[in-house]
There are 2 protein chains.
Amino acid sequence: MKIGTLSKATGVSRDAIRFYESKGMLTNITRPFEWNNYKDYGDKNVKRIQLIKHLQRFSFTLREIKELLHLKDANPNECIDKTKVLKEKLKIIERKIDELKRTREDILKIINH
Amino acid sequence: MKIGTLSKATGVSRDAIRFYESKGMLTNITRPFEWNNYKDYGDKNVKRIQLIKHLQRFSFTLREIKELLHLKDANPNECIDKTKVLKEKLKIIERKIDELKRTREDILKIINH
DNA sequence: CTAAACCATGGACTATGGTCCATGGTCAAG
DNA sequence: CTTGACCATGGACCATAGTCCATGGTTTAG
């Protein structure tokens, strides 16, 4: 699977895919042909990119996603405790919400001075 | 008032002050001496930097703060409608809160699947 | 066979808010 | 009179998540 195919399969731009690749977030990319240096992004990277996009929706950063992917790669049999990871992210999001609420209250105080 | 004095008066680093200056956020900076090229940041910039820091606490970006400062500079007599500006910022903050709440709900759905 | 579409690589650029460093000049205290 | 503290300038760098461009090589459709 060449990068264009992968791009169409995932709806993610070629450049973004190359960006993920440069960050070491993709796996098993080969260069199967001797006469050109085209890469073969395997089927697995479709799921991988879908997972990246999925976790981004939960406001995970690429750095965090990369760590999770590497954890999974290192322990392929062991299941990652999703709940734990999500709970940590939840705390961060709740802290952000609280912070914004405080800012909101501060603004409201001034508006209604 | 040299930059070091201004820095101590405001608690803002020299580099940050130079950064604000480079963005055109400060005013009336002169070079009163012929024998060196030291600048004189006037007293006004103390208040100005305090205002920058104040507005940053309300999550205004430097770009926005700059615009407000320029508005004020252009119409020194006319009072800026703070309330209007703050209400706009409030809307943005509330949208962010809502977005984070949605993300929180999505995470909770998965945790309690 | 040729033109368009694709591929790889590397680097520059976007916004945000600064920090850190090097260079070279100046000022003040002892 | 020398040393340390200060000043100005410019550029590089940090995280974040990519996009866009140029260059040069390859593949594919008509």
# chains A, B, ... in the order shown; residues from 1 in each chain; ligands from 1
call {"tool": "interface_residues", "arguments": {"of": "chain A", "to": "chain C", "cutoff": "9 Å", "atoms": "only C-alpha atoms (C1' of nucleotides)", "output": "compact mmCIF listing (two decimals) with C-alpha atoms, in the first residue's frame"}}
result
# COMPACT_ATOMS: atom_id res chain seq x y z
CA LYS A 2 1.50 3.25 -1.16
CA ILE A 3 1.04 6.49 0.70
CA GLY A 4 -1.70 7.72 -1.62
CA ASN A 37 12.46 3.80 -3.45
CA TYR A 38 8.74 3.79 -3.02
CA LYS A 39 7.61 2.71 0.39
call {"tool": "residues_around", "arguments": {"residues": "A:Lys23", "least_positions_apart": "2", "cutoff": "12 Å", "atoms": "only C-alpha atoms (C1' of nucleotides)", "output": "CSV table (one decimal) with C-alpha atoms (C1' of nucleotides), in the first residue's frame"}}
result
chain,number,residue,atom,x,y,z
A,16,ALA,CA,0.2,14.3,7.8
A,17,ILE,CA,1.0,10.6,7.3
A,18,ARG,CA,4.6,11.5,6.5
A,19,PHE,CA,4.5,13.7,9.6
A,20,TYR,CA,3.4,10.8,11.8
A,21,GLU,CA,6.0,8.6,10.2
A,25,MET,CA,4.3,6.6,15.0
A,26,LEU,CA,3.9,4.2,12.1
A,27,THR,CA,5.1,0.6,11.9
A,62,LEU,CA,0.7,13.0,19.3
A,63,ARG,CA,3.4,12.5,21.9
A,64,GLU,CA,1.0,10.7,24.2
A,65,ILE,CA,-0.4,8.6,21.3
A,66,LYS,CA,3.0,7.6,20.3
A,67,GLU,CA,3.8,6.4,23.8
A,69,LEU,CA,1.4,2.9,20.5
A,70,HIS,CA,4.9,1.9,21.6
D,17,DA,C1',0.2,19.6,14.4
D,18,DG,C1',0.7,19.9,10.6
call {"tool": "select_by_dssp", "arguments": {"residues": "chain A", "states": "helix (DSSP H, G or I)", "output": "count of residues only"}}
result
74
call {"tool": "residues_around", "arguments": {"residues": "stretch 79-86 of chain B", "least_positions_apart": "2", "cutoff": "12 Å", "atoms": "only C-alpha atoms (C1' of nucleotides)", "output": "MDAnalysis selection string"}}
result
(chainID A and resid 103:113) or (chainID B and resid 55 58:60 64:65 67:77 88:93)
call {"tool": "calpha_fit_and_write", "arguments": {"fixed": "chain A", "moving": "chain B", "output": "short mmCIF file (atom, residue, chain, number, x, y, z; two decimals) with C-alpha atoms, in the first residue's frame"}}
result
data_model
loop_
_atom_site.label_atom_id
_atom_site.label_comp_id
_atom_site.auth_asym_id
_atom_site.auth_seq_id
_atom_site.Cartn_x
_atom_site.Cartn_y
_atom_site.Cartn_z
CA MET B 1 -0.05 -0.01 -0.02
CA LYS B 2 1.51 3.24 -1.17
CA ILE B 3 1.05 6.47 0.68
CA GLY B 4 -1.66 7.74 -1.66
CA THR B 5 -3.76 4.64 -1.02
CA LEU B 6 -3.24 4.97 2.70
CA SER B 7 -4.20 8.60 2.51
CA LYS B 8 -7.46 7.78 0.75
CA ALA B 9 -8.16 4.88 3.09
CA THR B 10 -7.85 7.04 6.16
CA GLY B 11 -8.81 10.49 4.96
CA VAL B 12 -5.52 11.80 6.31
CA SER B 13 -3.27 13.85 4.04
CA ARG B 14 -0.03 12.47 2.65
CA ASP B 15 1.84 15.19 4.50
CA ALA B 16 0.22 14.30 7.79
CA ILE B 17 1.05 10.63 7.26
CA ARG B 18 4.65 11.53 6.54
CA PHE B 19 4.57 13.67 9.64
CA TYR B 20 3.37 10.77 11.79
CA GLU B 21 5.99 8.61 10.17
CA SER B 22 8.71 11.14 10.95
CA LYS B 23 7.58 11.04 14.57
CA GLY B 24 7.99 7.27 14.63
CA MET B 25 4.29 6.61 15.02
CA LEU B 26 3.84 4.19 12.14
CA THR B 27 5.05 0.64 11.87
CA ASN B 28 6.50 -1.85 9.47
CA ILE B 29 7.12 0.45 6.56
CA THR B 30 9.13 -1.35 3.92
CA ARG B 31 10.74 -0.52 0.62
CA PRO B 32 9.96 -3.66 -1.33
CA PHE B 33 11.18 -2.62 -4.75
CA GLU B 34 14.75 -2.45 -5.83
CA TRP B 35 14.19 -0.29 -8.87
CA ASN B 36 12.56 2.59 -7.02
CA ASN B 37 12.47 3.68 -3.44
CA TYR B 38 8.74 3.72 -3.01
CA LYS B 39 7.59 2.66 0.40
CA ASP B 40 5.01 0.11 1.32
CA TYR B 41 2.90 1.23 4.21
CA GLY B 42 1.20 -2.00 5.24
CA ASP B 43 -2.44 -2.58 6.08
CA LYS B 44 -1.72 -2.24 9.77
CA ASN B 45 -1.07 1.44 9.42
CA VAL B 46 -4.66 2.02 8.34
CA LYS B 47 -5.86 0.94 11.78
CA ARG B 48 -2.96 2.74 13.35
CA ILE B 49 -3.85 6.04 11.78
CA GLN B 50 -7.49 5.55 12.61
CA LEU B 51 -6.44 5.02 16.20
CA ILE B 52 -4.35 8.18 16.11
CA LYS B 53 -7.33 10.16 14.87
CA HIS B 54 -9.56 8.52 17.44
CA LEU B 55 -7.30 9.40 20.33
CA GLN B 56 -6.83 12.92 19.04
CA ARG B 57 -10.57 13.42 19.41
CA PHE B 58 -10.06 12.72 23.09
CA SER B 59 -7.44 15.44 23.15
CA PHE B 60 -4.46 13.14 23.41
CA THR B 61 -1.36 14.74 21.98
CA LEU B 62 0.68 12.99 19.33
CA ARG B 63 3.39 12.48 21.89
CA GLU B 64 1.02 10.67 24.17
CA ILE B 65 -0.45 8.66 21.34
CA LYS B 66 3.02 7.66 20.27
CA GLU B 67 3.79 6.40 23.76
CA LEU B 68 0.60 4.39 23.83
CA LEU B 69 1.35 2.88 20.45
CA HIS B 70 4.86 1.95 21.54
CA LEU B 71 3.52 0.42 24.72
CA LYS B 72 1.16 -1.65 22.66
CA ASP B 73 3.95 -2.64 20.28
CA ALA B 74 6.19 -3.71 23.14
CA ASN B 75 3.47 -5.78 24.82
CA PRO B 76 1.32 -7.04 22.00
CA ASN B 77 -0.41 -9.65 24.14
CA GLU B 78 -0.92 -7.56 27.19
CA CYS B 79 -3.96 -5.37 26.94
CA ILE B 80 -3.39 -1.73 27.79
CA ASP B 81 -5.56 -0.48 30.59
CA LYS B 82 -7.52 1.98 28.51
CA THR B 83 -9.63 2.98 31.45
CA LYS B 84 -6.64 4.12 33.43
CA VAL B 85 -5.26 6.18 30.59
CA LEU B 86 -8.62 7.70 29.85
CA LYS B 87 -9.17 8.53 33.49
CA GLU B 88 -5.90 10.42 33.58
CA LYS B 89 -6.90 12.35 30.50
CA LEU B 90 -10.26 12.99 32.08
CA LYS B 91 -8.59 14.62 35.06
CA ILE B 92 -6.63 16.94 32.82
CA ILE B 93 -9.74 17.88 30.89
CA GLU B 94 -11.61 18.56 34.10
CA ARG B 95 -8.80 20.73 35.34
CA LYS B 96 -8.97 22.68 32.11
CA ILE B 97 -12.72 23.05 32.47
CA ASP B 98 -12.28 24.34 36.01
CA GLU B 99 -9.65 26.80 34.91
CA LEU B 100 -11.87 28.13 32.15
CA LYS B 101 -14.77 28.35 34.58
CA ARG B 102 -12.63 30.43 36.90
CA THR B 103 -11.72 32.73 34.05
CA ARG B 104 -15.39 32.94 33.15
CA GLU B 105 -16.27 33.93 36.69
CA ASP B 106 -13.55 36.56 36.73
CA ILE B 107 -14.88 38.05 33.52
CA LEU B 108 -18.44 38.00 34.81
CA LYS B 109 -17.35 39.83 37.93
CA ILE B 110 -15.94 42.62 35.84
CA ILE B 111 -18.90 42.79 33.49
CA ASN B 112 -21.34 43.07 36.39
CA HIS B 113 -18.85 45.04 38.45
#
call {"tool": "select_by_dssp", "arguments": {"residues": "chain B", "states": "strand (DSSP E)", "output": "NGL selection string"}}
result
:B and (29-30 or 40-41)
call {"tool": "decode", "arguments": {"residues": "chain C", "atoms": "C-alpha atoms (C1' of nucleotides)", "output": "CSV table (one decimal), in the first residue's frame"}}
result
chain,number,residue,atom,x,y,z
C,1,DC,C1',5.5,8.4,-26.2
C,2,DT,C1',4.3,12.1,-23.5
C,3,DA,C1',1.9,14.4,-20.0
C,4,DA,C1',-0.2,14.0,-15.7
C,5,DA,C1',-0.2,11.9,-11.5
C,6,DC,C1',2.3,9.9,-8.1
C,7,DC,C1',6.5,9.2,-4.9
C,8,DA,C1',10.5,10.6,-1.5
C,9,DT,C1',13.2,14.0,0.7
C,10,DG,C1',14.2,18.1,3.0
C,11,DG,C1',13.3,22.6,4.5
C,12,DA,C1',10.5,26.7,5.3
C,13,DC,C1',6.4,28.4,7.2
C,14,DT,C1',1.9,28.9,10.2
C,15,DA,C1',0.3,30.5,15.3
C,16,DT,C1',1.5,31.2,20.4
C,17,DG,C1',4.5,33.3,24.0
C,18,DG,C1',8.2,33.6,25.0
C,19,DT,C1',13.5,31.9,26.5
C,20,DC,C1',18.4,31.5,25.6
C,21,DC,C1',22.6,32.6,23.4
C,22,DA,C1',26.3,35.2,21.1
C,23,DT,C1',28.2,39.5,20.0
C,24,DG,C1',29.7,43.9,21.0
C,25,DG,C1',29.2,48.1,23.4
C,26,DT,C1',28.6,50.8,28.0
C,27,DC,C1',28.2,52.0,32.8
C,28,DA,C1',29.2,51.8,37.8
C,29,DA,C1',31.6,50.2,42.0
C,30,DG,C1',35.7,49.2,44.2
